[in-house]
>>> print(open('work_37.csv').read())   # CSV, C-alpha atoms and all ligand atoms
chain,number,residue,atom,x,y,z
B,664,MET,CA,76.9,118.0,87.2
B,665,ALA,CA,76.8,121.5,85.8
B,666,TRP,CA,80.5,121.7,85.2
B,667,GLN,CA,80.7,118.5,83.2
B,668,ARG,CA,80.9,119.5,79.6
B,669,GLU,CA,79.7,117.4,76.7
B,670,VAL,CA,82.5,115.5,75.0
B,671,SER,CA,82.7,116.0,71.3
B,672,LEU,CA,84.1,113.5,68.8
B,673,ALA,CA,86.9,116.0,68.1
B,674,ASP,CA,88.2,115.3,71.7
B,675,CYS,CA,88.7,111.7,71.0
B,676,ASP,CA,90.9,110.1,68.3
B,677,ALA,CA,92.1,106.8,67.1
B,678,ALA,CA,95.7,107.4,68.3
B,679,ALA,CA,94.6,107.6,71.9
B,680,PRO,CA,91.2,105.7,72.0
B,681,GLY,CA,88.8,106.7,74.7
B,682,ILE,CA,91.0,109.6,76.0
B,683,ASP,CA,89.4,113.0,76.3
B,684,ARG,CA,92.2,115.3,75.1
B,685,ALA,CA,90.7,118.2,77.0
B,686,ARG,CA,91.2,116.5,80.4
B,687,VAL,CA,94.6,114.8,80.0
B,688,PRO,CA,96.5,114.9,83.4
B,689,ARG,CA,98.9,117.7,83.3
B,690,HIS,CA,101.5,115.9,85.4
B,691,VAL,CA,101.9,112.1,85.5
B,692,ALA,CA,104.4,110.4,87.9
B,693,ILE,CA,105.5,106.8,87.6
B,694,ILE,CA,107.3,104.4,90.0
B,695,MET,CA,109.0,102.2,87.5
B,696,ASP,CA,108.8,98.9,89.3
B,697,GLY,CA,109.0,95.2,88.4
B,698,ASN,CA,112.2,95.1,86.3
B,699,GLY,CA,113.7,92.4,88.5
B,700,ARG,CA,110.6,90.2,88.4
B,701,TRP,CA,110.3,90.6,84.7
B,702,ALA,CA,113.9,89.4,84.2
B,703,ARG,CA,113.5,86.5,86.7
B,704,LYS,CA,110.4,85.2,84.9
B,705,ARG,CA,112.5,84.9,81.8
B,706,GLY,CA,115.6,83.5,83.5
B,707,LEU,CA,117.5,86.6,82.7
B,708,PRO,CA,119.8,88.8,84.9
B,709,ARG,CA,118.1,91.7,86.7
B,710,THR,CA,120.0,94.1,84.5
B,711,ALA,CA,118.2,92.7,81.5
B,712,GLY,CA,115.0,93.8,83.2
B,713,HIS,CA,116.4,97.4,83.7
B,714,ARG,CA,117.3,97.5,80.0
B,715,ALA,CA,113.8,96.4,79.0
B,716,GLY,CA,112.6,99.1,81.4
B,717,VAL,CA,114.3,101.7,79.3
B,718,LYS,CA,112.3,100.5,76.3
B,719,ALA,CA,109.1,101.0,78.2
B,720,LEU,CA,110.3,104.4,79.3
B,721,ARG,CA,110.9,105.5,75.7
B,722,GLU,CA,107.4,104.4,74.7
B,723,VAL,CA,105.7,106.1,77.6
B,724,VAL,CA,107.7,109.4,77.0
B,725,ALA,CA,106.5,109.4,73.4
B,726,ALA,CA,102.9,108.6,74.3
B,727,CYS,CA,102.9,111.4,76.9
B,728,ALA,CA,104.2,113.9,74.4
B,729,ASP,CA,101.6,112.8,71.9
B,730,ILE,CA,98.6,113.3,74.1
B,731,GLY,CA,99.7,116.5,75.7
B,732,VAL,CA,100.9,115.5,79.2
B,733,GLU,CA,103.1,118.5,80.2
B,734,TYR,CA,105.2,116.8,83.0
B,735,LEU,CA,106.3,113.2,83.4
B,736,THR,CA,108.2,112.4,86.6
B,737,LEU,CA,109.9,109.0,86.8
B,738,PHE,CA,111.3,107.4,89.9
B,739,ALA,CA,114.6,106.1,88.4
B,740,PHE,CA,116.9,105.7,91.4
B,741,SER,CA,116.0,106.1,95.1
B,742,THR,CA,118.1,107.0,98.1
B,743,GLU,CA,117.5,103.4,99.2
B,744,ASN,CA,118.6,101.8,95.9
B,745,TRP,CA,122.3,102.3,96.9
B,746,GLN,CA,121.7,99.2,99.1
B,747,ARG,CA,121.4,96.9,96.1
B,748,PRO,CA,124.4,94.8,95.1
B,749,ARG,CA,127.2,97.0,93.8
B,750,PRO,CA,127.2,95.4,90.3
B,751,GLU,CA,123.5,96.2,89.9
B,752,VAL,CA,124.0,99.8,91.1
B,753,SER,CA,126.9,100.2,88.7
B,754,ALA,CA,124.9,98.6,85.8
B,755,LEU,CA,122.0,101.1,86.5
B,756,MET,CA,124.4,104.0,86.4
B,757,ASP,CA,125.9,102.8,83.2
B,758,LEU,CA,122.4,102.3,81.7
B,759,LEU,CA,121.5,105.8,82.7
B,760,VAL,CA,124.5,107.3,81.0
B,761,GLU,CA,124.1,105.1,77.9
B,762,SER,CA,120.4,105.8,77.6
B,763,LEU,CA,120.7,109.6,78.0
B,764,ARG,CA,123.4,109.8,75.4
B,765,THR,CA,121.8,107.3,73.0
B,766,TYR,CA,118.3,108.9,73.1
B,767,LEU,CA,119.2,112.5,73.5
B,768,GLU,CA,118.5,113.2,69.8
B,769,GLU,CA,115.1,111.4,70.1
B,770,LEU,CA,114.3,113.6,73.1
B,771,GLN,CA,115.2,116.7,71.1
B,772,GLN,CA,113.0,115.7,68.2
B,773,GLN,CA,110.1,115.1,70.6
B,774,GLY,CA,110.5,118.5,72.2
B,775,VAL,CA,111.3,116.9,75.6
B,776,ARG,CA,113.0,119.0,78.3
B,777,VAL,CA,115.0,116.8,80.8
B,778,ARG,CA,115.1,117.8,84.4
B,779,ALA,CA,116.3,116.0,87.6
B,780,ILE,CA,115.2,116.0,91.2
B,781,GLY,CA,117.1,114.5,94.1
B,782,HIS,CA,120.8,114.5,95.0
B,783,VAL,CA,122.3,114.4,91.5
B,784,ASP,CA,125.5,115.5,93.1
B,785,GLY,CA,125.7,112.2,94.9
B,786,LEU,CA,125.7,110.2,91.7
B,787,PRO,CA,129.0,108.8,90.2
B,788,PRO,CA,130.7,111.5,88.1
B,789,ARG,CA,129.9,109.8,84.8
B,790,ALA,CA,126.2,109.7,85.6
B,791,ARG,CA,126.2,113.3,87.0
B,792,GLN,CA,127.8,114.6,83.8
B,793,ALA,CA,125.4,112.7,81.5
B,794,VAL,CA,122.4,114.1,83.4
B,795,GLN,CA,123.8,117.6,83.4
B,796,GLU,CA,124.5,117.4,79.6
B,797,ALA,CA,121.0,116.2,78.9
B,798,ILE,CA,119.5,119.0,81.0
B,799,ALA,CA,121.6,121.6,79.3
B,800,ALA,CA,121.0,120.3,75.8
B,801,THR,CA,117.2,120.1,76.2
B,802,ALA,CA,116.7,123.3,78.2
B,803,GLY,CA,114.9,125.1,75.4
B,804,ASN,CA,112.3,122.3,74.7
B,805,ARG,CA,108.8,122.9,75.9
B,806,ARG,CA,106.5,120.1,74.7
B,807,LEU,CA,107.1,117.7,77.7
B,808,THR,CA,109.2,118.1,80.8
B,809,LEU,CA,110.7,114.7,81.7
B,810,VAL,CA,111.8,114.8,85.4
B,811,PHE,CA,114.1,112.0,86.5
B,812,ALA,CA,114.1,111.4,90.3
B,813,LEU,CA,117.6,110.3,90.9
B,814,ASN,CA,119.2,109.6,94.2
B,815,TYR,CA,115.8,110.8,95.4
B,816,GLY,CA,113.9,110.3,98.7
B,817,GLY,CA,110.7,112.0,99.6
B,818,ARG,CA,111.6,112.3,103.3
B,819,ARG,CA,115.0,113.5,102.4
B,820,GLU,CA,113.4,116.2,100.3
B,821,ILE,CA,111.2,117.4,103.1
B,822,VAL,CA,114.2,117.4,105.5
B,823,ASP,CA,116.2,119.4,103.0
B,824,ALA,CA,113.4,121.9,102.7
B,825,ALA,CA,113.1,122.2,106.5
B,826,ARG,CA,116.8,122.8,106.8
B,827,ALA,CA,116.8,125.5,104.1
B,828,ILE,CA,113.8,127.2,105.8
B,829,ALA,CA,115.6,127.0,109.2
B,830,ARG,CA,118.6,128.7,107.7
B,831,ARG,CA,116.5,131.5,106.2
B,832,VAL,CA,114.8,132.0,109.6
B,833,GLU,CA,118.2,132.0,111.4
B,834,ALA,CA,119.4,134.6,108.9
B,835,GLY,CA,116.4,136.7,109.7
B,836,ASP,CA,115.0,136.5,106.1
B,837,LEU,CA,111.9,134.6,107.0
B,838,ARG,CA,109.6,134.7,110.0
B,839,PRO,CA,108.2,131.4,111.4
B,840,GLU,CA,104.7,132.8,111.1
B,841,ASP,CA,105.2,133.3,107.4
B,842,ILE,CA,105.8,129.6,106.7
B,843,ASP,CA,102.7,128.0,105.2
B,844,GLU,CA,102.2,125.3,102.7
B,845,THR,CA,102.8,127.6,99.7
B,846,VAL,CA,106.1,128.9,101.2
B,847,PHE,CA,107.2,125.3,102.2
B,848,GLY,CA,106.5,124.1,98.7
B,849,ARG,CA,108.9,126.7,97.3
B,850,PHE,CA,111.8,124.9,99.2
B,851,LEU,CA,111.1,121.5,97.7
B,852,TYR,CA,113.0,120.2,94.7
B,853,THR,CA,109.8,120.5,92.8
B,854,ALA,CA,109.2,124.2,93.5
B,855,ASP,CA,108.5,125.1,89.9
B,856,LEU,CA,106.5,121.9,89.0
B,857,PRO,CA,102.7,121.4,89.5
B,858,ASP,CA,101.8,118.5,91.8
B,859,PRO,CA,101.2,115.2,90.0
B,860,ASP,CA,97.6,114.6,89.0
B,861,LEU,CA,98.2,110.9,88.5
B,862,LEU,CA,100.6,108.4,90.1
B,863,ILE,CA,101.1,105.1,88.3
B,864,ARG,CA,102.6,102.2,90.0
B,865,PRO,CA,103.2,99.1,87.9
B,866,SER,CA,103.9,95.6,89.3
B,867,GLY,CA,101.0,95.7,91.8
B,868,GLU,CA,102.7,97.1,95.0
B,869,MET,CA,100.3,99.2,97.0
B,870,ARG,CA,102.7,101.8,98.4
B,871,VAL,CA,104.4,105.1,97.4
B,872,SER,CA,107.9,104.0,98.5
B,873,ASN,CA,109.2,107.4,99.7
B,874,PHE,CA,108.2,109.1,96.3
B,875,LEU,CA,107.0,112.7,96.2
B,876,LEU,CA,105.5,112.4,99.7
B,877,TRP,CA,104.5,116.0,99.9
B,878,GLN,CA,103.4,116.4,96.3
B,879,LEU,CA,101.1,113.3,96.2
B,880,ALA,CA,98.6,114.7,98.8
B,881,TYR,CA,95.7,114.8,96.3
B,882,THR,CA,97.1,112.8,93.5
B,883,GLU,CA,95.0,110.0,92.0
B,884,LEU,CA,96.7,106.6,92.4
B,885,TYR,CA,96.6,103.9,89.7
B,886,VAL,CA,98.2,100.5,90.5
B,887,THR,CA,98.5,97.8,87.8
B,888,PRO,CA,99.9,94.3,88.0
B,889,VAL,CA,101.7,94.9,84.7
B,890,LEU,CA,105.5,94.9,85.3
B,891,TRP,CA,107.3,98.0,84.2
B,892,PRO,CA,109.1,96.5,81.2
B,893,ASP,CA,105.7,95.4,79.9
B,894,PHE,CA,104.2,98.8,80.4
B,895,SER,CA,103.3,100.2,77.1
B,896,ARG,CA,101.4,103.1,75.4
B,897,HIS,CA,98.3,101.0,75.8
B,898,GLU,CA,98.8,100.6,79.6
B,899,LEU,CA,99.4,104.4,79.9
B,900,PHE,CA,96.2,105.1,78.1
B,901,GLU,CA,94.3,102.6,80.3
B,902,ALA,CA,95.6,104.5,83.3
B,903,ILE,CA,94.5,107.8,81.9
B,904,ARG,CA,91.1,106.6,80.9
B,905,ASP,CA,90.7,105.3,84.5
B,906,PHE,CA,91.8,108.7,85.8
B,907,GLN,CA,89.3,110.5,83.6
B,908,ARG,CA,86.5,108.4,85.0
B,909,ARG,CA,87.2,109.7,88.5
B,910,GLU,CA,85.8,112.7,90.4
B,911,ARG,CA,88.6,114.7,92.0
B,912,ARG,CA,87.3,116.5,95.1
B,913,PHE,CA,90.5,117.8,96.7
B,914,GLY,CA,88.8,117.4,100.1
B,915,ARG,CA,85.7,119.2,99.0
B,916,VAL,CA,82.2,118.0,98.5
B,917,GLY,CA,81.8,119.0,94.9
B,918,GLY,CA,84.2,120.8,92.6
B,919,THR,CA,85.2,123.2,90.0
B,920,PRO,CA,86.5,121.7,86.8
B,921,ARG,CA,90.0,120.4,87.0
B,922,ALA,CA,91.8,117.7,85.0
B,923,GLY,CA,90.5,114.3,85.9
B,924,GLU,CA,87.1,115.4,87.2
B,925,GLY,CA,84.0,114.0,85.6
B,926,ASP,CA,82.7,110.7,84.4
B,927,GLY,CA,85.0,109.9,81.5
B,928,GLY,CA,83.8,110.7,78.1
B,929,CYS,CA,84.9,109.3,74.8
T,1001,LIG,C1,112.6,99.0,90.1
T,1001,LIG,O1,112.5,97.6,89.7
T,1001,LIG,C2,113.4,99.7,89.1
T,1001,LIG,C3,114.5,100.4,89.4
T,1001,LIG,C4,115.1,100.5,90.7
T,1001,LIG,C5,115.2,101.1,88.4
T,1001,LIG,C6,114.4,101.7,87.3
T,1001,LIG,C7,115.2,102.0,86.2
T,1001,LIG,C8,114.9,101.9,84.9
T,1001,LIG,C9,113.5,101.5,84.4
T,1001,LIG,C10,115.8,102.2,83.9
T,1001,LIG,C11,115.9,103.7,83.6
T,1001,LIG,C12,116.6,104.4,84.6
T,1001,LIG,C13,117.8,104.4,84.8
T,1001,LIG,C14,118.4,104.8,86.1
T,1001,LIG,C15,118.8,103.9,83.8
T,1001,LIG,P1,113.1,96.5,90.6
T,1001,LIG,O2,114.5,96.2,90.2
T,1001,LIG,O3,112.9,96.9,92.0
T,1001,LIG,O4,112.1,95.3,90.2
T,1001,LIG,P2,111.6,94.2,91.2
T,1001,LIG,O5,110.8,94.8,92.3
T,1001,LIG,O6,110.8,93.3,90.4
T,1001,LIG,O7,112.9,93.5,91.8
>>> encode(input="work_37.csv", output="structure tokens", more="lines below")
Ligand code: FPP
Amino acid sequence: MAWQREVSLADCDAAAPGIDRARVPRHVAIIMDGNGRWARKRGLPRTAGHRAGVKALREVVAACADIGVEYLTLFAFSTENWQRPRPEVSALMDLLVESLRTYLEELQQQGVRVRAIGHVDGLPPRARQAVQEAIAATAGNRRLTLVFALNYGGRREIVDAARAIARRVEAGDLRPEDIDETVFGRFLYTADLPDPDLLIRPSGEMRVSNFLLWQLAYTELYVTPVLWPDFSRHELFEAIRDFQRRERRFGRVGGTPRAGEGDGGC
């Protein structure tokens, strides 16, 4: 197609083999799934799986920063996860606090800005404080925005937006006929983030599990059987290579050049 440019060797490199640096997805979202299965396979407690999941998380953050992904959104704790056994929820909160504090310096060095979406105010105070500290400490970083979805539910987000819009209409600040998709998007937690280009779901489940329901409308989906704790830089690059082989049409027949369009390259 006319808009497909030739890929030069300069776009490819040994650090990220086969990836066209000019068409790296701007925003990658990941449902970090499979920690429990990973632990069970090894006869370990589920919390060991979550701990191994943090190791994968660090590797993927570093890899995203290296290849120029601008936004990485991770489903870390859903509104449904409260229904897990109390000790597991508590261990997850402890792990969140410990990880944010332990790796804050690493995030700073990598130029990572931490953000959160979801009802962070509903987290236990120790977790809320660690998240707020990480957000404040990294606010000036620009290389990669790392968005943690915490106490997050996609339906809840849409309901929250609808309520906020209703209040604005009630107050006379907004007319119903002015509400369109752009206006609605401004009331979502992700108002200042681009929609994800690529959603990665490890552990083989073929569902979106109440994650970014509005934002995923035209996102490319990539499901791999690899469990999250085994997900590495190599797996991420495999997902991105697959993404770069796809043609994104956004409901159209052809398309203008956007990240992810084309036939791959390197
Ligand atoms: C899903 O795996 C994973 C989670 C609910 C938590 C993900 C959290 C991390 C990777 C650690 C980093 C984030 C925090 C909050 C510290 P699962 O337990 O549902 O796995 P299974 O489906 O195999 O049981």
>>> closest_residue(input="work_37.csv", among="B:Val775, B:Ala719, B:Ala854, B:Val687", to="ligand LIG 1001 (chain T)", atoms="only C-alpha atoms and all ligand atoms")
B:Ala719
>>> residues_near_ligand(input="work_37.csv", ligand="ligand LIG 1001 (chain T)", cutoff="8 Å", atoms="all atoms listed in the file", output="PyMOL selection string")
chain B and resi 694-702+709+712-717+719-720+738-741+744+755-760+762+813+866+890-892
>>> closest_atom_pairs(input="work_37.csv", of="stretch 685-711 of chain B", to="stretch 801-810 of chain B", cutoff="10 Å", atoms="only C-alpha atoms", output="Markdown table")
| residue | atom | partner | partner_atom | distance |
| --- | --- | --- | --- | --- |
| B:Arg689 | CA | B:Leu807 | CA | 9.9 |
| B:His690 | CA | B:Thr808 | CA | 9.2 |
| B:Val691 | CA | B:Leu809 | CA | 9.9 |
| B:Ala692 | CA | B:Val810 | CA | 9.0 |
>>> residues_around(input="work_37.csv", residues="B:Ala679", least_positions_apart="6", cutoff="9 Å", atoms="all atoms listed in the file", output="PyMOL selection string")
chain B and resi 726+729-730+896-897+900
>>> atom_distance(input="work_37.csv", atom1="atom CA of B:Asp855", atom2="atom CA of B:Gly914")
23.5 Å
>>> atom_distance(input="work_37.csv", atom1="atom CA of B:Thr742", atom2="atom CA of B:Asn814")
4.8 Å
>>> closest_residue(input="work_37.csv", among="B:Ala754, B:Leu735, B:Leu707, B:Ala825", to="B:Val777", atoms="only C-alpha atoms")
B:Leu735
>>> atom_distance(input="work_37.csv", atom1="atom CA of B:Pro688", atom2="atom CA of B:Val871")
18.8 Å
>>> residues_around(input="work_37.csv", residues="B:Leu737", least_positions_apart="6", cutoff="6 Å", atoms="all atoms listed in the file", output="count of residues only")
4
>>> decode(input="work_37.csv", residues="stretch 843-854 of chain B", atoms="all heavy atoms", output="mmCIF file, in the first residue's frame")
data_model
loop_
_atom_site.group_PDB
_atom_site.id
_atom_site.type_symbol
_atom_site.label_atom_id
_atom_site.label_comp_id
_atom_site.auth_asym_id
_atom_site.auth_seq_id
_atom_site.Cartn_x
_atom_site.Cartn_y
_atom_site.Cartn_z
ATOM 1 N N ASP B 843 -20.914 13.895 23.352
ATOM 2 C CA ASP B 843 -20.544 12.933 22.298
ATOM 3 C C ASP B 843 -19.391 12.086 22.831
ATOM 4 O O ASP B 843 -19.039 12.174 24.012
ATOM 5 C CB ASP B 843 -20.189 13.646 20.991
ATOM 6 C CG ASP B 843 -19.038 14.630 21.168
ATOM 7 O OD1 ASP B 843 -18.332 14.559 22.200
ATOM 8 O OD2 ASP B 843 -18.825 15.463 20.268
ATOM 9 N N GLU B 844 -18.789 11.279 21.978
ATOM 10 C CA GLU B 844 -17.745 10.362 22.460
ATOM 11 C C GLU B 844 -16.543 11.127 23.017
ATOM 12 O O GLU B 844 -15.949 10.718 24.018
ATOM 13 C CB GLU B 844 -17.303 9.428 21.328
ATOM 14 C CG GLU B 844 -18.401 8.445 20.963
ATOM 15 C CD GLU B 844 -18.018 7.498 19.836
ATOM 16 O OE1 GLU B 844 -16.813 7.358 19.545
ATOM 17 O OE2 GLU B 844 -18.937 6.898 19.247
ATOM 18 N N THR B 845 -16.213 12.246 22.368
ATOM 19 C CA THR B 845 -15.068 13.023 22.846
ATOM 20 C C THR B 845 -15.351 13.591 24.225
ATOM 21 O O THR B 845 -14.524 13.510 25.138
ATOM 22 C CB THR B 845 -14.748 14.172 21.849
ATOM 23 O OG1 THR B 845 -14.572 13.582 20.570
ATOM 24 C CG2 THR B 845 -13.518 14.933 22.253
ATOM 25 N N VAL B 846 -16.545 14.162 24.387
ATOM 26 C CA VAL B 846 -16.913 14.749 25.681
ATOM 27 C C VAL B 846 -16.957 13.638 26.741
ATOM 28 O O VAL B 846 -16.432 13.784 27.844
ATOM 29 C CB VAL B 846 -18.268 15.489 25.584
ATOM 30 C CG1 VAL B 846 -18.792 15.883 26.959
ATOM 31 C CG2 VAL B 846 -18.126 16.713 24.683
ATOM 32 N N PHE B 847 -17.566 12.513 26.407
ATOM 33 C CA PHE B 847 -17.677 11.414 27.371
ATOM 34 C C PHE B 847 -16.278 10.969 27.825
ATOM 35 O O PHE B 847 -16.034 10.767 29.018
ATOM 36 C CB PHE B 847 -18.420 10.224 26.751
ATOM 37 C CG PHE B 847 -18.939 9.264 27.768
ATOM 38 C CD1 PHE B 847 -20.216 9.387 28.289
ATOM 39 C CD2 PHE B 847 -18.137 8.231 28.236
ATOM 40 C CE1 PHE B 847 -20.694 8.504 29.250
ATOM 41 C CE2 PHE B 847 -18.601 7.350 29.196
ATOM 42 C CZ PHE B 847 -19.883 7.490 29.705
ATOM 43 N N GLY B 848 -15.373 10.870 26.871
ATOM 44 C CA GLY B 848 -14.006 10.422 27.186
ATOM 45 C C GLY B 848 -13.308 11.330 28.181
ATOM 46 O O GLY B 848 -12.454 10.885 28.947
ATOM 47 N N ARG B 849 -13.688 12.595 28.189
ATOM 48 C CA ARG B 849 -13.056 13.545 29.122
ATOM 49 C C ARG B 849 -13.467 13.291 30.562
ATOM 50 O O ARG B 849 -12.869 13.828 31.483
ATOM 51 C CB ARG B 849 -13.437 14.989 28.744
ATOM 52 C CG ARG B 849 -12.768 15.461 27.486
ATOM 53 C CD ARG B 849 -12.922 16.970 27.294
ATOM 54 N NE ARG B 849 -12.607 17.289 25.908
ATOM 55 C CZ ARG B 849 -13.428 17.886 25.054
ATOM 56 N NH1 ARG B 849 -14.632 18.279 25.447
ATOM 57 N NH2 ARG B 849 -13.054 18.109 23.817
ATOM 58 N N PHE B 850 -14.495 12.489 30.773
ATOM 59 C CA PHE B 850 -14.959 12.194 32.134
ATOM 60 C C PHE B 850 -14.446 10.847 32.630
ATOM 61 O O PHE B 850 -14.761 10.435 33.742
ATOM 62 C CB PHE B 850 -16.488 12.243 32.193
ATOM 63 C CG PHE B 850 -17.029 13.647 32.120
ATOM 64 C CD1 PHE B 850 -17.223 14.264 30.900
ATOM 65 C CD2 PHE B 850 -17.324 14.364 33.276
ATOM 66 C CE1 PHE B 850 -17.704 15.568 30.816
ATOM 67 C CE2 PHE B 850 -17.800 15.660 33.214
ATOM 68 C CZ PHE B 850 -18.000 16.263 31.975
ATOM 69 N N LEU B 851 -13.683 10.170 31.788
ATOM 70 C CA LEU B 851 -13.119 8.877 32.208
ATOM 71 C C LEU B 851 -11.818 9.111 32.995
ATOM 72 O O LEU B 851 -11.219 10.184 32.913
ATOM 73 C CB LEU B 851 -12.842 8.004 30.980
ATOM 74 C CG LEU B 851 -14.092 7.590 30.184
ATOM 75 C CD1 LEU B 851 -13.702 6.967 28.852
ATOM 76 C CD2 LEU B 851 -14.957 6.620 30.995
ATOM 77 N N TYR B 852 -11.405 8.086 33.748
ATOM 78 C CA TYR B 852 -10.148 8.218 34.519
ATOM 79 C C TYR B 852 -8.970 8.471 33.577
ATOM 80 O O TYR B 852 -7.944 9.004 33.982
ATOM 81 C CB TYR B 852 -9.829 6.937 35.295
ATOM 82 C CG TYR B 852 -10.926 6.330 36.142
ATOM 83 C CD1 TYR B 852 -10.951 4.955 36.381
ATOM 84 C CD2 TYR B 852 -11.922 7.108 36.734
ATOM 85 C CE1 TYR B 852 -11.929 4.370 37.177
ATOM 86 C CE2 TYR B 852 -12.914 6.522 37.527
ATOM 87 C CZ TYR B 852 -12.909 5.154 37.730
ATOM 88 O OH TYR B 852 -13.877 4.560 38.508
ATOM 89 N N THR B 853 -9.124 8.029 32.341
ATOM 90 C CA THR B 853 -8.030 8.087 31.366
ATOM 91 C C THR B 853 -8.107 9.320 30.469
ATOM 92 O O THR B 853 -7.540 9.309 29.373
ATOM 93 C CB THR B 853 -8.092 6.837 30.473
ATOM 94 O OG1 THR B 853 -9.424 6.759 29.926
ATOM 95 C CG2 THR B 853 -7.802 5.562 31.239
ATOM 96 N N ALA B 854 -8.797 10.363 30.947
ATOM 97 C CA ALA B 854 -9.083 11.525 30.083
ATOM 98 C C ALA B 854 -7.836 12.043 29.360
ATOM 99 O O ALA B 854 -7.930 12.474 28.212
ATOM 100 C CB ALA B 854 -9.708 12.631 30.919
#
